[in-house]
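**Student:** The structure under discussion is supplied below as C-alpha cells; questions concerning it will follow.
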Amino acid sequence: MSIDRVSGLALLGIAIFVAVESRVLPFGTHSRPGPAYLPFILALFLGAMSLILIFYPKKDSLIIKQLRWREGRHALAILACCFFGTFAIEQLGYRITMIIILGFLFAVLERMKIWWALLWTLGLALGSFWVFDSLLKVPLPRGGLGI
Amino acid sequence: MTETFQNLWLGFATALTPANLFYALMGCLIGTMVGVLPGVGPLAGISLLLPTTFGLDPTGGLILLCGVYYGAMYGGSTTSILMRIPGEAASVMTCIDGYAMAQKGRAGPALFISAFGSYIAGTLSVIGLMFLAPPLARFALGFGPPEYFSLLAMGLIVLGYMTGGSMVKNLAMIALGLLCGMIGIDHMSGYFRFSYGVAALGDGIGVVPVAVGLFGIAEILSTAGQEKRPEVIKPKLRDLLPSREEFRDALKPIGRGTILGFFIGIIPGSAHIISTFVSYAVERRLSKHPEKFGRGAIEGVAAPESANNAASEGALVPMLALGVPTGPIPAVLLAALMVHGINPGPLFIKEQPVIFWGLIASMYIGNFVLLLLNLPLVGLFVNFLRIPYKILYPMILMFCMVGVYAVNTSYVDVAIMSVMGMLGYLLRKFDYETAPIVLGVVIAPIIEMSFRQALAMSGGKYSIFIQRPISALFLAGAFLMIILALRPLIKKGIDWGWRSQLTKAEKGD
C-alpha cells in the first residue's frame, strides 16, 4: 500500500473522530452557528481530502515498505526523552531532569567517553539553568526536592 | 509623506535607545547563528526565544525577534557557500553557485555579494514596508467579518498552493491545523471543545509548542544519529572583495531579486523559500550565459540571497497592516505581540505607532549591523559548524524544552511539543508539509469568529461572501488558485479525451 493511501486512511480516521466528537457540542443553526458548526465542516473537508488521497494516490508515491527508518532507534530514544521530560520536569525539577536526559543522550545513546559525557551534561544542565532562571529571570521548576 | 518621515523620526528615537539597540544587535547575532547552524531554522529560533521576551517591553521584544528572523536569512548563506549545506531552507539555491564559487577559490566574493545583496534588499524592503503597510491598514479598516473570512480563506488556499508538494495534502494539513486551533474554550459560547477535562487545554494549543514540535523536535528526530562531518571551506578574508566585473554582474540581479522577493513575501506561503527559486529561475532565463549557472555564477548567489531577505520583510506587510500572518514565522511573531496584550489588526499601526515605527527603524539599523557582522566575523560563525552533531542535538533538545516550558510554565506545553514532534516526524516521512498546521493553529480563532459573525449578519445566508465586492474578490483569488492546482488534472483529462478519440480512430470507429 502506498504512503498516500496509508496517510489518507489515518486522516480519514481523524476526520471521523472529529465529526463524531462534534456531536457532543451544540451545532446551532446557519444563522447562529454553534461551537460544533465549523469543526464539523472542517471534519467533512478533511474527510474529503483523505478520500482523494485514498482513491487517487500519486503515481510516484512510495510503497510503505520502501520507507527507510535508519534513524528510528535514535528517534525513539529522543522521543522517550521528550515524554520523560514532560512528566519529570515539575516532579524532579529542571536541573535533575536535564541531567538525566542529557546524561542518557551523551553517555548511552551517543556512547561518549564518560568524563566528556559528564562534563557536557553538567555544564549544559546547570549552565542553562543559570542563564535562563538566574540571568533572564525565566522561572524554571525546582521540583519536589526544591533543587 | 511628511507624516511618514515624522513617524520615522519617532521610530529612530525609539530604536536608538541603548536597550533597543542592544536587542537589535542580539537579535541579529542570534539570528545569524540560527541561520548558520543546520537543523535550527528561524521558526524554531524565534519560538525558543519567545519566553525570554516576556520580561521586555513589547517594542524591545519584537525588535529582538524580528532581528532573529532577518538575521537568519543572512546567516543561512554562509553554510551554503562554504559547505554546500543550507543553514536554513531559504538558502538552498545559494548552495548551487555559492559552493561552486568557493571551490574555485572565490568564497570571499560570494560571501561579500551575499551580504551586500542582503543588505540592499533588506533596506529597500523596509522602505517598501514603511510606505505600503500604513495605507493597506487604512484600507482594511473597512473590512467586516465576511471580508476577513474570505481574506483568511484565500490566504490559506494560496498557502496550500504555494507551499509545494501535493495541494490535497497541504489542504488536509490546513484543515488539521484549524481543527487543532479549535481545541479549548469556544469564545462565542463558552463551551469546552475537544479538551477532555484537561484544564490546561482551556486556552487552546499554543503556537509555540506546535511550532517547536513540528520544526525543532521533528528535525532532531529526522536527523539524529548521522555521523557525517562535513568539510568546511575556509574563506580567505583578505580576498573578500569581488572584482569590478563580478560586482557589476551582481547589481541587476540584486535589484530584481529585491523586487521579486518583496512582492512574493506579501503572498501567503513559505515566501522566503519560494522567492529564491523564482529569482534564480528569472536570472538564469535573463542571463546571456545561462550555461554559467551551476558552475559559480555570481548572479546565482546575488539574486536568491537578495530575494529571501526582501521576502522576509515583505511578509511583515500583511502581518503588521492586517494582522494576517502569511506563514508560520509571521504567525509566531503575531503570537508574540498577543502575549504582550497587543491586538494585531488594521488599528495596530494607528494605536501602537511607537512599536511599528520603532520596529521599522530598528530594521534599518539591524540590516547595517548584519552587514558588519557577516563579513568580518564569518570565520567566527564558521566555528559553530565544527560542533559535532551528537553534541548539538541534545543542546537543541534542551533549548526546545526550556523555551516551550517557559511560555506558560506548564508541562502540558512540553507534552504538546512532544506529540507535535512525533507527528511532524511521521508527516515528513509521509511527504507532508507541516507549515500549514502552524498557520492553521494561529488563524483558527480569527477565521472561526469571522465566519460565524458573517453568517449571523446575513441570517445564515452564505451568499454574503460573494455579495460584498472585496470578499468576492478574495474568494475569486482562492478559486483561481484551486483552478491552477487542478490544471494538471484538467490537462490530463483533455489528454485522455484526445487519446480515446485517437484510439477510436485507429480502431476505425
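Chain labels A, B, ... are given in the sequence in which chains occur in the C-alpha cells; within each chain residues are numbered consecutively from 1, and ligands are likewise numbered from 1 in the order shown.
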Using DSSP on the backbone coordinates, identify the residues of stretch 11-115 of chain A assigned to helix (DSSP H, G or I); present them as JSON, numbers by chain.
**Tutor:** {"A": [11, 12, 13, 14, 15, 16, 17, 18, 19, 20, 21, 22, 37, 38, 39, 40, 41, 42, 43, 44, 45, 46, 47, 48, 49, 50, 51, 52, 53, 54, 55, 64, 65, 66, 72, 73, 74, 75, 76, 77, 78, 79, 80, 81, 82, 83, 84, 85, 86, 87, 88, 89, 90, 91, 92, 94, 95, 96, 97, 98, 99, 100, 101, 102, 103, 104, 105, 106, 107, 108, 109, 114, 115]}
**Student:** Show which residues sit within 12 Å of stretch 114-126 of chain A, as a ChimeraX atom specification. Count only C-alpha atoms, and ignore same-chain residues fewer than 4 positions away.
**Tutor:** /A:93-110,130-134,140,147 /B:390-392,394-399,401-402
**Student:** How close does chain B get to chain A? List, as a tab-separated table, each residue of chain B within 8 Å, its nearest atom pair and the distance in Å to one decimal, counting only C-alpha atoms.
**Tutor:**
residue	atom	partner	partner_atom	distance
B:Pro51	CA	A:Val138	CA	7.3
B:Thr52	CA	A:Leu136	CA	6.6
B:Gly55	CA	A:Lys137	CA	7.9
B:Val168	CA	A:Met49	CA	6.0
B:Lys169	CA	A:Met49	CA	7.4
B:Leu171	CA	A:Met49	CA	7.4
B:Ala172	CA	A:Leu46	CA	5.5
B:Ala175	CA	A:Leu42	CA	6.0
B:Leu176	CA	A:Leu46	CA	7.4
B:Leu178	CA	A:Leu42	CA	7.9
B:Leu179	CA	A:Pro39	CA	6.3
B:Met182	CA	A:Pro39	CA	7.5
B:Asp186	CA	A:Pro35	CA	6.2
B:Met188	CA	A:Pro35	CA	7.8
B:Ser189	CA	A:Pro35	CA	6.8
B:Tyr191	CA	A:Pro35	CA	7.0
B:Arg193	CA	A:Pro35	CA	7.7
B:Phe194	CA	A:Glu21	CA	7.5
B:Ile220	CA	A:Ala75	CA	7.8
B:Leu221	CA	A:Ala75	CA	4.6
B:Ser222	CA	A:Glu71	CA	6.6
B:Thr223	CA	A:Glu71	CA	7.0
B:Ala224	CA	A:His74	CA	6.1
B:Gly225	CA	A:Glu71	CA	6.0
B:Gln226	CA	A:Glu71	CA	7.8
B:Lys390	CA	A:Glu110	CA	6.5
B:Ile391	CA	A:Phe106	CA	7.5
B:Pro394	CA	A:Leu102	CA	6.4
B:Met395	CA	A:Leu124	CA	7.4
B:Met398	CA	A:Met98	CA	7.3
B:Met401	CA	A:Gly85	CA	7.9
B:Val402	CA	A:Leu140	CA	7.9
B:Ala406	CA	A:Val138	CA	6.4
B:Thr409	CA	A:Leu140	CA	7.5
B:Tyr411	CA	A:Thr86	CA	5.5
B:Val412	CA	A:Thr86	CA	7.3
B:Val414	CA	A:Thr86	CA	5.4
B:Ala415	CA	A:Thr86	CA	5.4
B:Ser418	CA	A:Cys82	CA	5.7
B:Met422	CA	A:Leu79	CA	7.2
B:Lys429	CA	A:Leu67	CA	7.4
B:Phe430	CA	A:Ile3	CA	5.9
B:Glu448	CA	A:Leu38	CA	7.0
B:Arg452	CA	A:Pro33	CA	6.0
B:Leu455	CA	A:Ser31	CA	5.5
B:Ala456	CA	A:Ser31	CA	4.8
B:Met457	CA	A:Ser31	CA	7.8
B:Ser458	CA	A:Ser31	CA	7.2
B:Gly459	CA	A:Ser31	CA	4.5
B:Gly460	CA	A:Ser31	CA	3.6
B:Lys461	CA	A:Ser31	CA	7.4
**Student:** One decimal, Å: what's the distance from atom CA of B:Leu373 over to atom CA of B:Gly294, could you say?
**Tutor:**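 According to the coordinates, atom CA of B:Leu373 and atom CA of B:Gly294 are separated by 27.8 Å.
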**Student:** Got a sec: who's within 6 Å of stretch 464-481 of chain B, counting only C-alpha atoms, leaving out chain neighbours fewer than 5 positions off, as a list in words?
**Tutor:** Pro146, Glu147, Ser150, Leu151, Met154 and Ile157 of chain B
**Student:** For C-alpha atoms, I'd like the residues from the last selection saved as a PDB file, in the first residue's frame.
**Tutor:**
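The result, written out as part.pdb:
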ATOM      1  CA  PRO B 146     -17.145  38.462   5.596  1.00  0.00           C
ATOM      2  CA  GLU B 147     -14.078  40.225   4.132  1.00  0.00           C
ATOM      3  CA  SER B 150     -12.595  35.499   2.699  1.00  0.00           C
ATOM      4  CA  LEU B 151      -9.144  37.070   3.081  1.00  0.00           C
ATOM      5  CA  MET B 154      -7.782  32.925   0.367  1.00  0.00           C
ATOM      6  CA  ILE B 157      -5.626  28.276  -0.063  1.00  0.00           C
TER       7      ILE B 157
END
**Student:** When you look at B:Pro253 with a cut-off of 10 Å (counting only C-alpha atoms), what residues show up, excluding the ones that are within fewer than 5 positions of it in the same chain? I need them as a list in words.
**Tutor:**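 With the cut-off at 10 Å, the set is Gly117, Arg248, Thr258, Ile259, Ser279, Tyr280, Val282, Glu283, Leu286, Ser287, Ile298, Glu299, Gly300, Val301, Ala302, Ala303, Pro304, Glu305, Ser306 and Ala307 of chain B.
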**Student:** Write a file of the selected residues as a short mmCIF file (atom, residue, chain, number, x, y, z; two decimals), in the first residue's frame, keeping all heavy atoms.
**Tutor:**
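As a result, out-v4.cif now contains:
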data_model
loop_
_atom_site.label_atom_id
_atom_site.label_comp_id
_atom_site.auth_asym_id
_atom_site.auth_seq_id
_atom_site.Cartn_x
_atom_site.Cartn_y
_atom_site.Cartn_z
N GLY B 117 24.09 42.05 -1.08
CA GLY B 117 22.76 41.91 -1.68
C GLY B 117 21.68 41.85 -0.60
O GLY B 117 20.63 42.48 -0.72
N ARG B 248 29.64 44.32 -10.96
CA ARG B 248 28.72 44.83 -11.99
C ARG B 248 27.68 43.76 -12.36
O ARG B 248 26.50 44.05 -12.49
CB ARG B 248 29.53 45.24 -13.21
CG ARG B 248 28.81 46.25 -14.11
CD ARG B 248 29.64 46.65 -15.30
NE ARG B 248 30.20 45.50 -16.00
CZ ARG B 248 31.47 45.39 -16.37
NH1 ARG B 248 32.33 46.37 -16.10
NH2 ARG B 248 31.91 44.33 -17.01
N THR B 258 15.36 41.77 -5.19
CA THR B 258 14.70 42.56 -4.15
C THR B 258 13.22 42.77 -4.49
O THR B 258 12.35 42.53 -3.65
CB THR B 258 15.39 43.94 -4.03
OG1 THR B 258 16.78 43.71 -3.76
CG2 THR B 258 14.78 44.77 -2.94
N ILE B 259 12.96 43.20 -5.72
CA ILE B 259 11.56 43.49 -6.10
C ILE B 259 10.72 42.20 -6.07
O ILE B 259 9.65 42.15 -5.47
CB ILE B 259 11.51 44.15 -7.51
CG1 ILE B 259 12.21 45.52 -7.44
CG2 ILE B 259 10.08 44.31 -8.00
CD1 ILE B 259 12.52 46.13 -8.79
N SER B 279 13.57 33.78 -8.21
CA SER B 279 14.59 34.76 -8.63
C SER B 279 15.75 34.05 -9.34
O SER B 279 16.30 34.57 -10.30
CB SER B 279 15.08 35.58 -7.45
OG SER B 279 15.70 34.75 -6.52
N TYR B 280 16.10 32.85 -8.87
CA TYR B 280 17.17 32.10 -9.52
C TYR B 280 16.77 31.75 -10.96
O TYR B 280 17.55 31.93 -11.91
CB TYR B 280 17.48 30.82 -8.73
CG TYR B 280 18.70 30.06 -9.22
CD1 TYR B 280 19.96 30.39 -8.74
CD2 TYR B 280 18.59 29.04 -10.14
CE1 TYR B 280 21.09 29.70 -9.17
CE2 TYR B 280 19.71 28.35 -10.58
CZ TYR B 280 20.96 28.67 -10.09
OH TYR B 280 22.07 28.01 -10.52
N VAL B 282 14.53 33.27 -12.81
CA VAL B 282 14.45 34.50 -13.62
C VAL B 282 15.85 34.91 -14.09
O VAL B 282 16.06 35.21 -15.27
CB VAL B 282 13.79 35.65 -12.79
CG1 VAL B 282 14.01 37.01 -13.46
CG2 VAL B 282 12.31 35.38 -12.64
N GLU B 283 16.82 34.87 -13.20
CA GLU B 283 18.19 35.28 -13.57
C GLU B 283 18.77 34.35 -14.64
O GLU B 283 19.43 34.81 -15.57
CB GLU B 283 19.10 35.28 -12.34
CG GLU B 283 18.86 36.41 -11.39
CD GLU B 283 18.75 37.77 -12.05
OE1 GLU B 283 19.54 38.07 -12.97
OE2 GLU B 283 17.85 38.53 -11.69
N LEU B 286 17.20 35.24 -17.89
CA LEU B 286 17.61 36.54 -18.44
C LEU B 286 19.08 36.58 -18.83
O LEU B 286 19.51 37.43 -19.60
CB LEU B 286 17.34 37.66 -17.42
CG LEU B 286 15.87 38.01 -17.13
CD1 LEU B 286 15.78 39.08 -16.05
CD2 LEU B 286 15.17 38.49 -18.39
N SER B 287 19.86 35.67 -18.28
CA SER B 287 21.30 35.72 -18.48
C SER B 287 21.71 35.44 -19.94
O SER B 287 21.07 34.63 -20.63
CB SER B 287 21.97 34.67 -17.57
OG SER B 287 23.34 34.62 -17.83
N ILE B 298 27.99 34.48 -10.26
CA ILE B 298 27.74 35.39 -9.14
C ILE B 298 26.26 35.78 -9.07
O ILE B 298 25.71 36.01 -7.99
CB ILE B 298 28.67 36.63 -9.21
CG1 ILE B 298 28.67 37.43 -7.89
CG2 ILE B 298 28.27 37.56 -10.36
CD1 ILE B 298 29.76 37.09 -6.98
N GLU B 299 25.60 35.83 -10.24
CA GLU B 299 24.17 36.17 -10.28
C GLU B 299 23.35 35.13 -9.51
O GLU B 299 22.32 35.44 -8.92
CB GLU B 299 23.66 36.22 -11.73
CG GLU B 299 24.32 37.25 -12.62
CD GLU B 299 25.50 36.66 -13.40
OE1 GLU B 299 26.24 35.82 -12.84
OE2 GLU B 299 25.68 37.04 -14.56
N GLY B 300 23.82 33.88 -9.52
CA GLY B 300 23.12 32.79 -8.83
C GLY B 300 23.23 32.88 -7.33
O GLY B 300 22.54 32.17 -6.60
N VAL B 301 24.13 33.73 -6.85
CA VAL B 301 24.24 33.98 -5.40
C VAL B 301 23.50 35.27 -5.07
O VAL B 301 22.74 35.33 -4.09
CB VAL B 301 25.73 34.11 -4.98
CG1 VAL B 301 25.86 34.46 -3.50
CG2 VAL B 301 26.48 32.83 -5.29
N ALA B 302 23.71 36.29 -5.91
CA ALA B 302 23.16 37.63 -5.62
C ALA B 302 21.63 37.62 -5.59
O ALA B 302 21.02 38.14 -4.65
CB ALA B 302 23.66 38.62 -6.67
N ALA B 303 21.02 37.01 -6.61
CA ALA B 303 19.55 37.09 -6.73
C ALA B 303 18.82 36.36 -5.60
O ALA B 303 17.99 36.97 -4.92
CB ALA B 303 19.12 36.57 -8.09
N PRO B 304 19.10 35.07 -5.35
CA PRO B 304 18.33 34.41 -4.29
C PRO B 304 18.58 34.98 -2.90
O PRO B 304 17.66 35.05 -2.09
CB PRO B 304 18.79 32.94 -4.35
CG PRO B 304 19.89 32.86 -5.30
CD PRO B 304 19.96 34.12 -6.07
N GLU B 305 19.82 35.41 -2.64
CA GLU B 305 20.11 35.97 -1.31
C GLU B 305 19.38 37.29 -1.10
O GLU B 305 18.93 37.59 0.02
CB GLU B 305 21.61 36.14 -1.11
CG GLU B 305 22.32 34.87 -0.70
CD GLU B 305 21.71 34.21 0.53
OE1 GLU B 305 21.51 34.90 1.55
OE2 GLU B 305 21.41 33.00 0.47
N SER B 306 19.28 38.10 -2.17
CA SER B 306 18.53 39.36 -2.05
C SER B 306 17.05 39.04 -1.89
O SER B 306 16.36 39.67 -1.09
CB SER B 306 18.71 40.21 -3.31
OG SER B 306 20.07 40.34 -3.61
N ALA B 307 16.58 38.05 -2.65
CA ALA B 307 15.15 37.74 -2.64
C ALA B 307 14.69 37.23 -1.28
O ALA B 307 13.64 37.65 -0.79
CB ALA B 307 14.86 36.69 -3.71
#
**Student:** Taking only residues of stretch 34-82 of chain B that have an atom at most 12 Å from an atom of stretch 197-212 of chain B, what is each one's shortest atom pair and its distance in Å to one decimal, using only C-alpha atoms, in chain and number order, as a Markdown table?
**Tutor:**
| residue | atom | partner | partner_atom | distance |
| --- | --- | --- | --- | --- |
| B:Gly39 | CA | B:Val212 | CA | 12.0 |
| B:Val40 | CA | B:Val212 | CA | 10.1 |
| B:Gly41 | CA | B:Val212 | CA | 10.1 |
| B:Pro42 | CA | B:Val212 | CA | 10.7 |
| B:Leu43 | CA | B:Ala211 | CA | 7.1 |
| B:Ala44 | CA | B:Val212 | CA | 5.3 |
| B:Gly45 | CA | B:Val212 | CA | 8.6 |
| B:Ile46 | CA | B:Val208 | CA | 9.1 |
| B:Ser47 | CA | B:Val208 | CA | 5.5 |
| B:Leu48 | CA | B:Val212 | CA | 7.4 |
| B:Leu49 | CA | B:Val208 | CA | 10.0 |
| B:Leu50 | CA | B:Val208 | CA | 8.2 |
| B:Pro51 | CA | B:Val208 | CA | 9.5 |
**Student:** Stretch 36-263 of chain B: which residues are strand (DSSP E or B) by DSSP, as a VMD selection string?
**Tutor:** chain B and resid 184 to 185 192 to 193
**Student:** For atom CA of B:Ala281 and atom CA of B:Gly257, determine how far apart the two atoms are, in Å to one decimal place.
**Tutor:** 10.7 Å
**Student:** Excluding stretch 24-37 of chain B and any residue of its chain fewer than 3 positions from it, enumerate the residues within 8 Å of it, using only C-alpha atoms, and give them as a VMD selection string.
**Tutor:** chain B and resid 20 to 21 40 to 42 45 63 to 79 87 to 88 362 365 to 366 369 to 370 373 to 374 381 to 382 384 to 385
**Student:** Can I get the selection written as an mmCIF file, in the first residue's frame, with C-alpha atoms?
**Tutor:**
data_model
loop_
_atom_site.group_PDB
_atom_site.id
_atom_site.type_symbol
_atom_site.label_atom_id
_atom_site.label_comp_id
_atom_site.auth_asym_id
_atom_site.auth_seq_id
_atom_site.Cartn_x
_atom_site.Cartn_y
_atom_site.Cartn_z
ATOM 1 C CA ASN B 20 16.567 48.650 21.891
ATOM 2 C CA LEU B 21 19.929 48.905 20.133
ATOM 3 C CA VAL B 40 17.805 25.171 13.687
ATOM 4 C CA GLY B 41 15.597 27.272 11.456
ATOM 5 C CA PRO B 42 14.351 30.808 12.115
ATOM 6 C CA GLY B 45 14.832 30.022 16.894
ATOM 7 C CA ILE B 63 12.829 44.128 17.673
ATOM 8 C CA LEU B 64 14.716 41.122 19.108
ATOM 9 C CA LEU B 65 12.510 38.505 17.420
ATOM 10 C CA CYS B 66 12.425 40.258 14.031
ATOM 11 C CA GLY B 67 16.224 40.579 14.255
ATOM 12 C CA VAL B 68 16.414 36.788 14.568
ATOM 13 C CA TYR B 69 14.136 36.426 11.518
ATOM 14 C CA TYR B 70 16.077 38.544 9.066
ATOM 15 C CA GLY B 71 19.416 37.695 10.701
ATOM 16 C CA ALA B 72 18.786 34.021 9.906
ATOM 17 C CA MET B 73 18.384 34.942 6.224
ATOM 18 C CA TYR B 74 21.899 36.440 6.264
ATOM 19 C CA GLY B 75 23.446 33.559 8.197
ATOM 20 C CA GLY B 76 21.913 30.821 6.067
ATOM 21 C CA SER B 77 24.090 31.744 3.107
ATOM 22 C CA THR B 78 27.379 31.119 4.973
ATOM 23 C CA THR B 79 26.926 27.350 5.227
ATOM 24 C CA GLY B 87 21.731 26.665 7.072
ATOM 25 C CA GLU B 88 18.004 27.071 6.501
ATOM 26 C CA SER B 362 15.401 49.019 14.062
ATOM 27 C CA ILE B 365 19.902 49.594 11.921
ATOM 28 C CA GLY B 366 19.716 45.785 12.028
ATOM 29 C CA VAL B 369 24.645 45.665 11.791
ATOM 30 C CA LEU B 370 24.243 42.404 9.882
ATOM 31 C CA LEU B 373 28.631 41.175 11.454
ATOM 32 C CA ASN B 374 28.563 38.863 8.486
ATOM 33 C CA PHE B 381 30.403 31.826 12.767
ATOM 34 C CA VAL B 382 32.003 29.043 10.740
ATOM 35 C CA PHE B 384 29.863 26.801 15.113
ATOM 36 C CA LEU B 385 29.794 24.318 12.272
#
**Student:** Report, in Å with one decimal, the straight-line distance from atom CA of B:Gly177 to atom CA of B:Tyr425.
**Tutor:**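 Here the two named atoms are 15.8 Å from each other.
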**Student:** Excluding same-chain residues fewer than 4 positions from B:Arg84, what lies within 8 Å of it counting only C-alpha atoms, as a ChimeraX atom specification?
**Tutor:** /B:79-80,95-96,98-99
**Student:** With N, CA, C and O atoms kept, could you save the residues just selected as a compact mmCIF listing (two decimals), in the first residue's frame?
**Tutor:**
# COMPACT_ATOMS: atom_id res chain seq x y z
N THR B 79 26.74 28.80 5.36
CA THR B 79 26.93 27.35 5.23
C THR B 79 26.70 26.89 3.79
O THR B 79 27.34 25.95 3.33
N SER B 80 25.78 27.60 3.11
CA SER B 80 25.50 27.21 1.71
C SER B 80 26.75 27.41 0.87
O SER B 80 27.09 26.56 0.04
N CYS B 95 23.36 27.42 -2.49
CA CYS B 95 24.33 26.31 -2.48
C CYS B 95 24.93 26.10 -3.87
O CYS B 95 26.13 25.85 -3.99
N ILE B 96 24.08 26.18 -4.88
CA ILE B 96 24.49 25.74 -6.22
C ILE B 96 25.70 26.54 -6.71
O ILE B 96 26.77 25.99 -6.93
N GLY B 98 27.05 29.31 -5.08
CA GLY B 98 27.90 29.77 -3.98
C GLY B 98 29.02 28.78 -3.71
O GLY B 98 30.19 29.14 -3.61
N TYR B 99 28.66 27.49 -3.63
CA TYR B 99 29.66 26.47 -3.34
C TYR B 99 30.61 26.30 -4.53
O TYR B 99 31.82 26.10 -4.35
